[in-house]
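Asker: Input file: target_25.pdb. Contents: PDB, C-alpha atoms and all ligand atoms.
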ATOM      1  CA  MET A  15      -7.990  -7.005  -0.706
ATOM      2  CA  PRO A  16      -6.749  -4.001   1.276
ATOM      3  CA  LEU A  17      -4.859  -4.913   4.410
ATOM      4  CA  PRO A  18      -6.260  -3.666   7.698
ATOM      5  CA  PHE A  19      -3.049  -2.165   8.969
ATOM      6  CA  GLU A  20       0.381  -0.967   8.037
ATOM      7  CA  ALA A  21       3.339  -2.904   9.360
ATOM      8  CA  THR A  22       6.616  -1.095   9.017
ATOM      9  CA  ARG A  23       8.268  -1.643  12.324
ATOM     10  CA  GLU A  24      10.640  -4.256  13.525
ATOM     11  CA  ASP A  25       9.044  -7.335  15.007
ATOM     12  CA  LYS A  26      11.235  -8.831  17.672
ATOM     13  CA  SER A  27       8.938 -11.699  18.637
ATOM     14  CA  SER A  28      10.436 -15.132  18.511
ATOM     15  CA  GLU A  29      10.640 -17.470  15.572
ATOM     16  CA  GLY A  30       7.378 -19.116  14.566
ATOM     17  CA  LYS A  31       5.358 -17.326  17.236
ATOM     18  CA  GLN A  32       1.927 -16.042  16.277
ATOM     19  CA  LYS A  33       1.276 -12.373  16.799
ATOM     20  CA  ASN A  34      -1.995 -11.149  18.213
ATOM     21  CA  VAL A  35      -3.275  -7.931  16.738
ATOM     22  CA  PHE A  36      -6.332  -6.070  17.952
ATOM     23  CA  ILE A  37      -8.264  -4.441  15.152
ATOM     24  CA  GLU A  38     -11.402  -2.361  15.282
ATOM     25  CA  ASN A  39     -13.799  -3.228  12.499
ATOM     26  CA  ARG A  40     -16.845  -1.281  11.391
ATOM     27  CA  VAL A  41     -19.907  -3.490  10.977
ATOM     28  CA  ALA A  42     -23.368  -2.440   9.714
ATOM     29  CA  THR A  43     -26.157  -2.814  12.305
ATOM     30  CA  PRO A  44     -29.777  -3.899  11.471
ATOM     31  CA  PHE A  45     -30.936  -0.430  12.592
ATOM     32  CA  GLY A  46     -28.762   1.449  10.135
ATOM     33  CA  GLY A  47     -25.467   3.060  10.888
ATOM     34  CA  HIS A  48     -22.394   1.209  12.033
ATOM     35  CA  ASN A  49     -21.135  -0.250  15.246
ATOM     36  CA  LYS A  50     -17.465  -0.265  15.927
ATOM     37  CA  ILE A  51     -16.710  -3.745  17.180
ATOM     38  CA  PRO A  52     -13.357  -5.073  18.222
ATOM     39  CA  ILE A  53     -12.213  -8.289  16.655
ATOM     40  CA  PHE A  54      -9.340 -10.356  17.863
ATOM     41  CA  ALA A  55      -7.165 -11.322  14.967
ATOM     42  CA  VAL A  56      -4.280 -13.707  14.930
ATOM     43  CA  LEU A  57      -1.963 -12.796  12.132
ATOM     44  CA  ASN A  58       1.053 -14.621  10.936
ATOM     45  CA  GLU A  59       4.396 -12.932  11.420
ATOM     46  CA  ALA A  60       5.204 -13.259   7.717
ATOM     47  CA  LEU A  61       2.283 -10.972   6.937
ATOM     48  CA  ILE A  62       3.374  -8.469   9.557
ATOM     49  CA  MET A  63       7.033  -8.529   8.722
ATOM     50  CA  PHE A  64       7.182  -8.535   4.933
ATOM     51  CA  GLU A  65       3.944  -9.185   3.051
ATOM     52  CA  ALA A  66       1.965  -6.187   4.249
ATOM     53  CA  PRO A  67       4.796  -3.686   3.701
ATOM     54  CA  ILE A  68       5.478  -5.164   0.246
ATOM     55  CA  LYS A  69       1.804  -5.027  -0.727
ATOM     56  CA  ASN A  70       1.458  -1.467   0.509
ATOM     57  CA  PHE A  71       4.636  -0.422  -1.283
ATOM     58  CA  SER A  72       3.628  -2.076  -4.557
ATOM     59  CA  ARG A  73       0.137  -0.596  -4.397
ATOM     60  CA  ASN A  74       1.482   2.903  -3.736
ATOM     61  CA  LYS A  75       3.888   2.600  -6.667
ATOM     62  CA  ALA A  76       1.295   0.904  -8.919
ATOM     63  CA  PHE A  77       3.764  -1.955  -9.408
ATOM     64  CA  PRO A  78       2.712  -5.396 -10.635
ATOM     65  CA  ASN A  79       3.300  -8.414  -8.399
ATOM     66  CA  TRP A  80       6.555  -8.284  -6.472
ATOM     67  CA  GLU A  81       8.971 -10.964  -7.622
ATOM     68  CA  LEU A  82      12.383 -10.850  -5.994
ATOM     69  CA  LYS A  83      15.278 -11.454  -8.382
ATOM     70  CA  ALA A  84      18.104  -9.330  -6.926
ATOM     71  CA  VAL A  85      19.277  -8.006  -3.579
ATOM     72  CA  PHE A  86      21.334  -4.802  -3.411
ATOM     73  CA  PHE A  87      23.501  -4.705  -0.290
ATOM     74  CA  ASP A  88      25.133  -1.648   1.179
ATOM     75  CA  MET A  89      28.633  -2.537   2.468
ATOM     76  CA  ASP A  90      29.643  -0.778   5.707
ATOM     77  CA  GLY A  91      27.365  -1.549   8.610
ATOM     78  CA  VAL A  92      25.628  -4.260   6.556
ATOM     79  CA  LEU A  93      28.240  -6.655   5.135
ATOM     80  CA  TYR A  94      30.993  -5.415   7.449
ATOM     81  CA  ASP A  95      30.883  -4.608  11.145
ATOM     82  CA  SER A  96      32.967  -1.539  10.373
ATOM     83  CA  MET A  97      31.029   1.532  11.393
ATOM     84  CA  HIS A  98      32.658   1.969  14.798
ATOM     85  CA  MET A  99      36.042   1.911  13.006
ATOM     86  CA  HIS A 100      34.901   4.480  10.439
ATOM     87  CA  ALA A 101      33.561   6.696  13.235
ATOM     88  CA  ARG A 102      36.897   6.668  15.055
ATOM     89  CA  ALA A 103      38.897   7.254  11.853
ATOM     90  CA  TRP A 104      36.685  10.115  10.605
ATOM     91  CA  THR A 105      36.742  11.817  14.007
ATOM     92  CA  GLN A 106      40.548  11.712  14.176
ATOM     93  CA  ALA A 107      41.164  12.777  10.561
ATOM     94  CA  MET A 108      38.690  15.659  10.695
ATOM     95  CA  GLN A 109      39.971  16.888  14.042
ATOM     96  CA  ASP A 110      43.578  16.762  12.732
ATOM     97  CA  ALA A 111      42.420  19.056   9.913
ATOM     98  CA  GLY A 112      40.846  21.447  12.434
ATOM     99  CA  LEU A 113      37.249  20.405  11.767
ATOM    100  CA  ALA A 114      34.741  19.511  14.478
ATOM    101  CA  PHE A 115      33.336  16.040  13.776
ATOM    102  CA  ASP A 116      32.197  13.291  16.132
ATOM    103  CA  ALA A 117      30.888   9.729  15.927
ATOM    104  CA  GLN A 118      27.279  10.885  15.592
ATOM    105  CA  ASP A 119      28.285  13.024  12.577
ATOM    106  CA  CYS A 120      29.860   9.928  11.065
ATOM    107  CA  TYR A 121      26.716   7.816  11.440
ATOM    108  CA  LEU A 122      24.511  10.603  10.088
ATOM    109  CA  ASN A 123      26.827  11.179   7.083
ATOM    110  CA  GLU A 124      27.251   7.486   6.372
ATOM    111  CA  GLY A 125      26.617   6.661   2.735
ATOM    112  CA  ARG A 126      27.997   9.902   1.356
ATOM    113  CA  THR A 127      31.235   9.651  -0.560
ATOM    114  CA  GLY A 128      34.308  10.699   1.424
ATOM    115  CA  ASN A 129      34.728  13.785  -0.752
ATOM    116  CA  ALA A 130      31.139  14.888  -0.100
ATOM    117  CA  THR A 131      31.509  14.334   3.654
ATOM    118  CA  ILE A 132      34.681  16.447   3.751
ATOM    119  CA  ASN A 133      33.205  19.140   1.518
ATOM    120  CA  ASN A 134      30.042  19.401   3.616
ATOM    121  CA  ALA A 135      32.038  19.796   6.834
ATOM    122  CA  ILE A 136      34.226  22.533   5.313
ATOM    123  CA  VAL A 137      31.252  24.360   3.786
ATOM    124  CA  GLN A 138      29.420  24.293   7.111
ATOM    125  CA  GLN A 139      32.370  25.233   9.298
ATOM    126  CA  TRP A 140      34.578  27.377   7.069
ATOM    127  CA  GLY A 141      31.986  28.806   4.680
ATOM    128  CA  ARG A 142      33.687  27.712   1.477
ATOM    129  CA  GLU A 143      34.098  24.653  -0.738
ATOM    130  CA  ALA A 144      36.891  22.176   0.039
ATOM    131  CA  THR A 145      39.885  22.156  -2.287
ATOM    132  CA  GLU A 146      40.848  18.964  -4.120
ATOM    133  CA  GLU A 147      43.992  18.828  -2.005
ATOM    134  CA  GLU A 148      41.996  19.042   1.237
ATOM    135  CA  LYS A 149      39.634  16.303   0.084
ATOM    136  CA  GLN A 150      42.491  14.020  -0.899
ATOM    137  CA  SER A 151      44.615  14.600   2.199
ATOM    138  CA  ILE A 152      41.770  14.265   4.727
ATOM    139  CA  TYR A 153      40.435  11.127   3.027
ATOM    140  CA  ALA A 154      43.946   9.622   2.914
ATOM    141  CA  SER A 155      44.336  10.407   6.615
ATOM    142  CA  LYS A 156      40.923   8.879   7.379
ATOM    143  CA  SER A 157      41.795   5.720   5.429
ATOM    144  CA  ALA A 158      45.138   5.430   7.284
ATOM    145  CA  TYR A 159      43.436   5.781  10.685
ATOM    146  CA  PHE A 160      40.904   3.178   9.583
ATOM    147  CA  ASN A 161      43.539   0.675   8.441
ATOM    148  CA  ALA A 162      45.594   1.186  11.629
ATOM    149  CA  GLN A 163      42.723  -0.379  13.615
ATOM    150  CA  GLY A 164      43.362  -3.786  12.083
ATOM    151  CA  PRO A 165      41.269  -5.986   9.855
ATOM    152  CA  VAL A 166      37.573  -5.306   9.521
ATOM    153  CA  ARG A 167      35.220  -8.079  10.563
ATOM    154  CA  PRO A 168      32.455  -9.337   8.306
ATOM    155  CA  MET A 169      29.037  -8.757   9.853
ATOM    156  CA  PRO A 170      27.854 -11.891  11.674
ATOM    157  CA  PHE A 171      25.474 -13.910   9.458
ATOM    158  CA  ALA A 172      26.328 -11.870   6.335
ATOM    159  CA  LEU A 173      28.079 -14.790   4.639
ATOM    160  CA  GLU A 174      25.283 -17.182   5.587
ATOM    161  CA  LEU A 175      22.653 -14.859   4.126
ATOM    162  CA  LEU A 176      24.653 -14.226   0.949
ATOM    163  CA  ARG A 177      25.066 -17.974   0.409
ATOM    164  CA  LEU A 178      21.361 -18.536   0.983
ATOM    165  CA  ILE A 179      20.433 -15.850  -1.561
ATOM    166  CA  ARG A 180      22.930 -17.223  -4.063
ATOM    167  CA  SER A 181      21.441 -20.711  -3.622
ATOM    168  CA  GLU A 182      18.078 -19.214  -4.597
ATOM    169  CA  GLY A 183      19.620 -18.033  -7.888
ATOM    170  CA  LYS A 184      19.123 -14.342  -7.187
ATOM    171  CA  GLN A 185      21.551 -11.621  -8.252
ATOM    172  CA  ILE A 186      23.619 -10.040  -5.462
ATOM    173  CA  PHE A 187      24.964  -6.492  -5.743
ATOM    174  CA  VAL A 188      27.038  -4.317  -3.450
ATOM    175  CA  VAL A 189      26.144  -0.618  -3.624
ATOM    176  CA  THR A 190      28.487   1.462  -1.486
ATOM    177  CA  GLY A 191      29.602   5.047  -1.107
ATOM    178  CA  SER A 192      32.997   3.748  -0.035
ATOM    179  CA  GLY A 193      36.135   4.593  -1.982
ATOM    180  CA  GLN A 194      38.441   2.468   0.212
ATOM    181  CA  ARG A 195      40.007   0.032  -2.263
ATOM    182  CA  ASP A 196      41.206  -2.330   0.446
ATOM    183  CA  LEU A 197      37.663  -2.763   1.785
ATOM    184  CA  ILE A 198      36.117  -3.197  -1.652
ATOM    185  CA  ASP A 199      38.838  -5.615  -2.740
ATOM    186  CA  GLY A 200      38.378  -7.549   0.500
ATOM    187  CA  LEU A 201      34.801  -8.479  -0.447
ATOM    188  CA  ASN A 202      36.002 -11.386  -2.577
ATOM    189  CA  ARG A 203      38.278 -12.644   0.200
ATOM    190  CA  ASP A 204      35.651 -12.427   2.946
ATOM    191  CA  PHE A 205      32.670 -13.497   0.811
ATOM    192  CA  PRO A 206      34.151 -15.838  -1.812
ATOM    193  CA  ASP A 207      32.244 -16.465  -5.045
ATOM    194  CA  ILE A 208      29.491 -13.990  -4.181
ATOM    195  CA  PHE A 209      30.360 -10.676  -5.822
ATOM    196  CA  HIS A 210      31.351  -9.844  -9.378
ATOM    197  CA  PRO A 211      32.814  -6.563 -10.700
ATOM    198  CA  ASP A 212      29.768  -6.189 -12.962
ATOM    199  CA  ARG A 213      27.522  -6.260  -9.895
ATOM    200  CA  MET A 214      29.250  -3.577  -7.842
ATOM    201  CA  VAL A 215      28.641   0.155  -7.560
ATOM    202  CA  THR A 216      31.208   2.093  -5.505
ATOM    203  CA  ALA A 217      32.324   5.709  -4.994
ATOM    204  CA  PHE A 218      34.458   5.270  -8.124
ATOM    205  CA  ASP A 219      31.387   4.716 -10.332
ATOM    206  CA  VAL A 220      29.023   7.550  -9.452
ATOM    207  CA  LYS A 221      28.893  11.319  -9.824
ATOM    208  CA  HIS A 222      26.444  11.676  -6.964
ATOM    209  CA  GLY A 223      26.724   9.566  -3.818
ATOM    210  CA  LYS A 224      23.892   8.634  -1.487
ATOM    211  CA  PRO A 225      21.373  10.115  -0.625
ATOM    212  CA  HIS A 226      21.134  10.803  -4.378
ATOM    213  CA  PRO A 227      19.401   7.882  -6.140
ATOM    214  CA  GLU A 228      22.239   7.463  -8.672
ATOM    215  CA  PRO A 229      24.029   4.535  -6.930
ATOM    216  CA  TYR A 230      20.877   2.405  -6.673
ATOM    217  CA  LEU A 231      19.614   3.429 -10.122
ATOM    218  CA  MET A 232      22.998   2.426 -11.538
ATOM    219  CA  ALA A 233      22.740  -0.980  -9.847
ATOM    220  CA  LEU A 234      19.199  -1.366 -11.179
ATOM    221  CA  GLY A 235      20.429  -0.558 -14.680
ATOM    222  CA  LYS A 236      23.255  -3.086 -14.399
ATOM    223  CA  SER A 237      20.845  -5.764 -13.181
ATOM    224  CA  GLY A 238      18.515  -5.344 -16.148
ATOM    225  CA  LEU A 239      15.601  -5.777 -13.708
ATOM    226  CA  GLU A 240      12.527  -3.771 -12.816
ATOM    227  CA  PRO A 241      12.098  -1.949  -9.469
ATOM    228  CA  TRP A 242       9.578  -4.562  -8.248
ATOM    229  CA  GLN A 243      12.207  -7.304  -8.662
ATOM    230  CA  VAL A 244      14.746  -5.734  -6.305
ATOM    231  CA  LEU A 245      15.287  -5.418  -2.571
ATOM    232  CA  VAL A 246      17.761  -3.038  -0.890
ATOM    233  CA  VAL A 247      19.429  -3.742   2.462
ATOM    234  CA  GLU A 248      20.812  -0.584   4.094
ATOM    235  CA  ASN A 249      21.883   0.534   7.562
ATOM    236  CA  ALA A 250      22.304   4.293   7.062
ATOM    237  CA  PRO A 251      19.622   6.996   6.863
ATOM    238  CA  LEU A 252      21.211   8.524   3.728
ATOM    239  CA  GLY A 253      21.462   5.084   2.142
ATOM    240  CA  VAL A 254      17.797   4.409   2.850
ATOM    241  CA  GLN A 255      16.948   7.817   1.342
ATOM    242  CA  SER A 256      18.945   6.907  -1.773
ATOM    243  CA  ALA A 257      17.049   3.612  -2.153
ATOM    244  CA  ALA A 258      13.727   5.365  -1.579
ATOM    245  CA  ALA A 259      14.573   8.059  -4.148
ATOM    246  CA  ALA A 260      15.387   5.265  -6.610
ATOM    247  CA  GLY A 261      11.900   3.846  -5.934
ATOM    248  CA  LEU A 262      13.143   0.591  -4.402
ATOM    249  CA  PHE A 263      11.831  -1.464  -1.485
ATOM    250  CA  CYS A 264      14.283  -1.133   1.398
ATOM    251  CA  ILE A 265      14.931  -3.144   4.532
ATOM    252  CA  GLY A 266      16.744  -1.004   7.097
ATOM    253  CA  LEU A 267      19.168  -2.858   9.353
ATOM    254  CA  ASN A 268      19.717  -0.763  12.448
ATOM    255  CA  THR A 269      23.194  -2.016  13.293
ATOM    256  CA  GLY A 270      24.462   1.281  14.758
ATOM    257  CA  PRO A 271      23.541   3.650  17.607
ATOM    258  CA  LEU A 272      20.758   5.576  15.832
ATOM    259  CA  ALA A 273      17.107   5.170  16.823
ATOM    260  CA  PRO A 274      15.265   2.710  14.523
ATOM    261  CA  GLU A 275      12.720   5.433  13.733
ATOM    262  CA  VAL A 276      15.467   7.310  11.865
ATOM    263  CA  LEU A 277      15.534   4.511   9.285
ATOM    264  CA  SER A 278      11.770   4.187   8.890
ATOM    265  CA  GLU A 279      11.432   7.970   8.655
ATOM    266  CA  SER A 280      14.132   7.947   5.957
ATOM    267  CA  GLY A 281      11.957   5.585   3.919
ATOM    268  CA  ALA A 282      12.718   1.998   5.000
ATOM    269  CA  GLN A 283       9.588  -0.161   4.642
ATOM    270  CA  VAL A 284      10.867  -2.696   7.188
ATOM    271  CA  VAL A 285      13.392  -2.158   9.990
ATOM    272  CA  LEU A 286      15.256  -5.060  11.599
ATOM    273  CA  ASP A 287      18.007  -4.907  14.192
ATOM    274  CA  SER A 288      20.664  -7.138  12.666
ATOM    275  CA  MET A 289      21.858  -9.230   9.756
ATOM    276  CA  GLN A 290      21.135 -12.267  11.914
ATOM    277  CA  SER A 291      17.496 -11.238  12.138
ATOM    278  CA  LEU A 292      17.272 -10.813   8.350
ATOM    279  CA  TYR A 293      18.909 -14.214   7.825
ATOM    280  CA  GLU A 294      16.569 -15.946  10.266
ATOM    281  CA  HIS A 295      13.455 -14.365   8.737
ATOM    282  CA  TRP A 296      14.528 -14.534   5.081
ATOM    283  CA  HIS A 297      12.217 -17.483   4.389
ATOM    284  CA  ARG A 298       9.254 -15.272   5.312
ATOM    285  CA  LEU A 299       9.679 -13.116   2.216
ATOM    286  CA  PRO A 300       6.974 -13.848  -0.363
ATOM    287  CA  ALA A 301       8.094 -16.664  -2.640
ATOM    288  CA  ASP A 302       9.202 -15.869  -6.164
ATOM    289  CA  LYS A 303       6.214 -16.792  -8.314
ATOM    290  CA  SER A 304       8.100 -16.721 -11.623
TER     291      SER A 304
HETATM  292 MG    MG A 401      26.224   1.442   5.419
END
For the structure just supplied, provide its representation as structure tokens.
Ligand code: MG
Answerer:
Amino acid sequence: MPLPFEATREDKSSEGKQKNVFIENRVATPFGGHNKIPIFAVLNEALIMFEAPIKNFSRNKAFPNWELKAVFFDMDGVLYDSMHMHARAWTQAMQDAGLAFDAQDCYLNEGRTGNATINNAIVQQWGREATEEEKQSIYASKSAYFNAQGPVRPMPFALELLRLIRSEGKQIFVVTGSGQRDLIDGLNRDFPDIFHPDRMVTAFDVKHGKPHPEPYLMALGKSGLEPWQVLVVENAPLGVQSAAAAGLFCIGLNTGPLAPEVLSESGAQVVLDSMQSLYEHWHRLPADKS
């Protein structure tokens, strides 16, 4: 049965609370024609948060029933609380090279490979492609500035959510545009027994970084699953665009300074404000029927 509304926005109401939604319904009158009458509907948060967006998404894609079997996580800004460190490092490295670049540029470029970020800045500001040497030296400088800030902190509630998903027997992937070996290698230290090299897609694996669909399509191929069996968790507009271009359902986590609308306009079906929120509402996802 078609749902009476679209729910794609974050719902910040408290756990277990019922949400009141006012809907106008058209009802036939005995005299012909229709009256528009308001009805007062009490809808469960689960419907608002996940079920309606999933049903709408599946219907639009002509997918069969959604059955979650794998979760594809972006890394920076999702698994790691690292974006403020990347912003500082990118700003310093780019400015050292004579390129204008600020924190907002970093958040808007997030998800691209380092090489693509550097090339775009040079094309826009100097009117030519970046050389290999420029790409390597600026990225090395950026990585050094990043590492000088000390260890990166896992995102609060990331480990709890990963353990919960693992306990449900679902596959867990990391799909990142990062080429920082130390960060990628740190996944197994910070999230023990969660990730496996066969379930990782990094900057080293793809020709085209996000927003191109290649990273998420590669993860889908590795999983052996269908698009209706997969959920993407992303924090960056370009990452959300990549997931959308790959035809996957995407939860946007707005963990940075951008407006939440940027993520929904990029194609996220649901937008939440934190990993903690996703962890606390995870049980509201439709149960796996298989
Ligand atoms: Mg990210």
Asker: Once you count all atoms listed in the file, which residues end up within 6 Å of ligand MG 401 (chain A), and could you hand them over as a PyMOL selection string?
Answerer: chain A and resi 88-92+125+248-250
Asker: Excluding same-chain residues fewer than 2 positions from Lys224 (chain A), what lies within 12 Å of it counting all atoms listed in the file, as a ChimeraX atom specification?
Answerer: /A:88,122-128,130-131,189-192,215-217,220-222,226-232,248,250-260
Asker: Write the residues of the selection above to a file with C-alpha atoms, as a tab-separated table (two decimals), in the coordinates of the input.
Answerer:
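Dumped to result-v2.tsv:
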chain	number	residue	atom	x	y	z
A	88	ASP	CA	25.13	-1.65	1.18
A	122	LEU	CA	24.51	10.60	10.09
A	123	ASN	CA	26.83	11.18	7.08
A	124	GLU	CA	27.25	7.49	6.37
A	125	GLY	CA	26.62	6.66	2.74
A	126	ARG	CA	28.00	9.90	1.36
A	127	THR	CA	31.24	9.65	-0.56
A	128	GLY	CA	34.31	10.70	1.42
A	130	ALA	CA	31.14	14.89	-0.10
A	131	THR	CA	31.51	14.33	3.65
A	189	VAL	CA	26.14	-0.62	-3.62
A	190	THR	CA	28.49	1.46	-1.49
A	191	GLY	CA	29.60	5.05	-1.11
A	192	SER	CA	33.00	3.75	-0.04
A	215	VAL	CA	28.64	0.16	-7.56
A	216	THR	CA	31.21	2.09	-5.50
A	217	ALA	CA	32.32	5.71	-4.99
A	220	VAL	CA	29.02	7.55	-9.45
A	221	LYS	CA	28.89	11.32	-9.82
A	222	HIS	CA	26.44	11.68	-6.96
A	226	HIS	CA	21.13	10.80	-4.38
A	227	PRO	CA	19.40	7.88	-6.14
A	228	GLU	CA	22.24	7.46	-8.67
A	229	PRO	CA	24.03	4.54	-6.93
A	230	TYR	CA	20.88	2.40	-6.67
A	231	LEU	CA	19.61	3.43	-10.12
A	232	MET	CA	23.00	2.43	-11.54
A	248	GLU	CA	20.81	-0.58	4.09
A	250	ALA	CA	22.30	4.29	7.06
A	251	PRO	CA	19.62	7.00	6.86
A	252	LEU	CA	21.21	8.52	3.73
A	253	GLY	CA	21.46	5.08	2.14
A	254	VAL	CA	17.80	4.41	2.85
A	255	GLN	CA	16.95	7.82	1.34
A	256	SER	CA	18.94	6.91	-1.77
A	257	ALA	CA	17.05	3.61	-2.15
A	258	ALA	CA	13.73	5.36	-1.58
A	259	ALA	CA	14.57	8.06	-4.15
A	260	ALA	CA	15.39	5.26	-6.61
Asker: Tell me which of A:Phe218, A:Phe263, A:Phe77, A:Trp242 sits closest to Ser278 (chain A), counting all atoms listed in the file.
Answerer: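 Answer, going by the shortest atom-to-atom distance: A:Phe263.
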Asker: Which of these residues is nearest to Asp219 (chain A), using only C-alpha atoms: A:Gly193, A:Asp204, A:Ile179, A:Met63?
Answerer: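 Once distances to Asp219 (chain A) are computed over only C-alpha atoms, the minimum belongs to A:Gly193.
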Asker: Measuring between only C-alpha atoms, which one of A:Glu65, A:Ser72, A:Ile136, A:Trp80 shows the shortest distance to Gly261 (chain A)?
Answerer: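 Using only C-alpha atoms, Gly261 (chain A) sits closest to A:Ser72.
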Asker: What is the CA of His210 (chain A)-CA of Phe187 (chain A) distance in Å, reported with one decimal?
Answerer: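 A separation of 8.1 Å between them.
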Asker: Can you report as lines of an AutoDock Vina configuration file the centre and edge lengths in Å, to one decimal, of an axis-aligned box around the listed atoms of region 221-230 of chain A padded with 6 Å on each side?
Answerer:
center_x = 24.1
center_y = 7.0
center_z = -5.2
size_x = 21.5
size_y = 21.3
size_z = 21.2
Asker: So which residues get picked by the PyMOL selection byres (((chain A and resi 289) around 9) and not hetatm) here, written as a PyMOL selection string?
Answerer: chain A and resi 92-93+169-172+175+267+269+286-288+290-294
Asker: For the structure shown, which residues end up in the PyMOL selection byres (((chain A and resi 157) around 9) and not hetatm)? Put them as a ChimeraX atom specification, please?
Answerer: /A:100,103-104,107,152-156,158-162,194
Asker: If we count only C-alpha atoms and set the cut-off at 8 Å, which residues sit around Leu299 (chain A), ignoring sequence neighbours fewer than 3 positions away in its own chain? Please answer as a PyMOL selection string.
Answerer: chain A and resi 60+64-65+295-296
Asker: Please dump the current selection as a PDB file, in the coordinates of the input; keep C-alpha atoms.
Answerer:
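For reference, selection15.pdb as written:
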ATOM      1  CA  ALA A  60       5.204 -13.259   7.717  1.00  0.00           C
ATOM      2  CA  PHE A  64       7.182  -8.535   4.933  1.00  0.00           C
ATOM      3  CA  GLU A  65       3.944  -9.185   3.051  1.00  0.00           C
ATOM      4  CA  HIS A 295      13.455 -14.365   8.737  1.00  0.00           C
ATOM      5  CA  TRP A 296      14.528 -14.534   5.081  1.00  0.00           C
TER       6      TRP A 296
END
Asker: Could you please determine the separation between CA of Gly183 (chain A) and CA of Cys264 (chain A) in Å, to one decimal place?
Answerer: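 Answer for the CA of Gly183 (chain A) to CA of Cys264 (chain A) separation: 20.0 Å.
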Asker: Taking only C-alpha atoms into account, which of A:Val166, A:Leu82, A:Ala66, A:Ala282 comes nearest Glu240 (chain A)?
Answerer: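 Of all the options, A:Leu82 lies closest to Glu240 (chain A).
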Asker: For Ser96 (chain A), which of A:Asn74, A:Gln163, A:Ser181, A:Ser237 is the closest residue, counting all atoms listed in the file?
Answerer: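 Of A:Asn74, A:Gln163, A:Ser181, A:Ser237, the one nearest Ser96 (chain A) is A:Gln163, counting all atoms listed in the file.
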Asker: Determine the residue membership of the PyMOL selection byres (((chain A and resi 139) around 12) and not hetatm) for the file above and supply it as a ChimeraX atom specification.
Answerer: /A:108,111-115,132-138,140-144
Asker: Quick one: pull the distance between CA of Phe87 (chain A) and CA of Ala301 (chain A), Å, one decimal.
Answerer: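 Going from CA of Phe87 (chain A) over to CA of Ala301 (chain A), I get 19.6 Å.
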Asker: Out of A:Phe71, A:Ala84, A:Asp110, A:Leu239, which residue has the shortest atom-to-atom distance to Gly281 (chain A) when counting all atoms listed in the file?
Answerer: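 Comparing A:Phe71, A:Ala84, A:Asp110, A:Leu239 against Gly281 (chain A), the winner is A:Phe71.
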Asker: With N, CA and C atoms as the target, complete region 269-280 of chain A and hand it back as a compact mmCIF listing (two decimals), in the frame of the given file.
Answerer:
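Contents of the output file selection-v3.txt:
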# COMPACT_ATOMS: atom_id res chain seq x y z
N THR A 269 22.04 -1.38 12.64
CA THR A 269 23.19 -2.02 13.29
C THR A 269 24.05 -1.01 14.07
N GLY A 270 23.67 0.26 14.06
CA GLY A 270 24.46 1.28 14.76
C GLY A 270 23.69 1.88 15.92
N PRO A 271 24.12 3.06 16.40
CA PRO A 271 23.54 3.65 17.61
C PRO A 271 22.31 4.52 17.36
N LEU A 272 21.89 4.69 16.10
CA LEU A 272 20.76 5.58 15.83
C LEU A 272 19.44 4.91 16.24
N ALA A 273 18.43 5.72 16.50
CA ALA A 273 17.11 5.17 16.82
C ALA A 273 16.52 4.53 15.56
N PRO A 274 15.82 3.37 15.71
CA PRO A 274 15.26 2.71 14.52
C PRO A 274 14.31 3.60 13.72
N GLU A 275 13.65 4.54 14.42
CA GLU A 275 12.72 5.43 13.73
C GLU A 275 13.42 6.25 12.66
N VAL A 276 14.72 6.52 12.85
CA VAL A 276 15.47 7.31 11.86
C VAL A 276 15.45 6.60 10.52
N LEU A 277 15.52 5.26 10.55
CA LEU A 277 15.53 4.51 9.28
C LEU A 277 14.14 4.45 8.66
N SER A 278 13.11 4.22 9.48
CA SER A 278 11.77 4.19 8.89
C SER A 278 11.37 5.57 8.39
N GLU A 279 11.76 6.61 9.11
CA GLU A 279 11.43 7.97 8.65
C GLU A 279 12.22 8.35 7.40
N SER A 280 13.36 7.70 7.18
CA SER A 280 14.13 7.95 5.96
C SER A 280 13.54 7.22 4.75
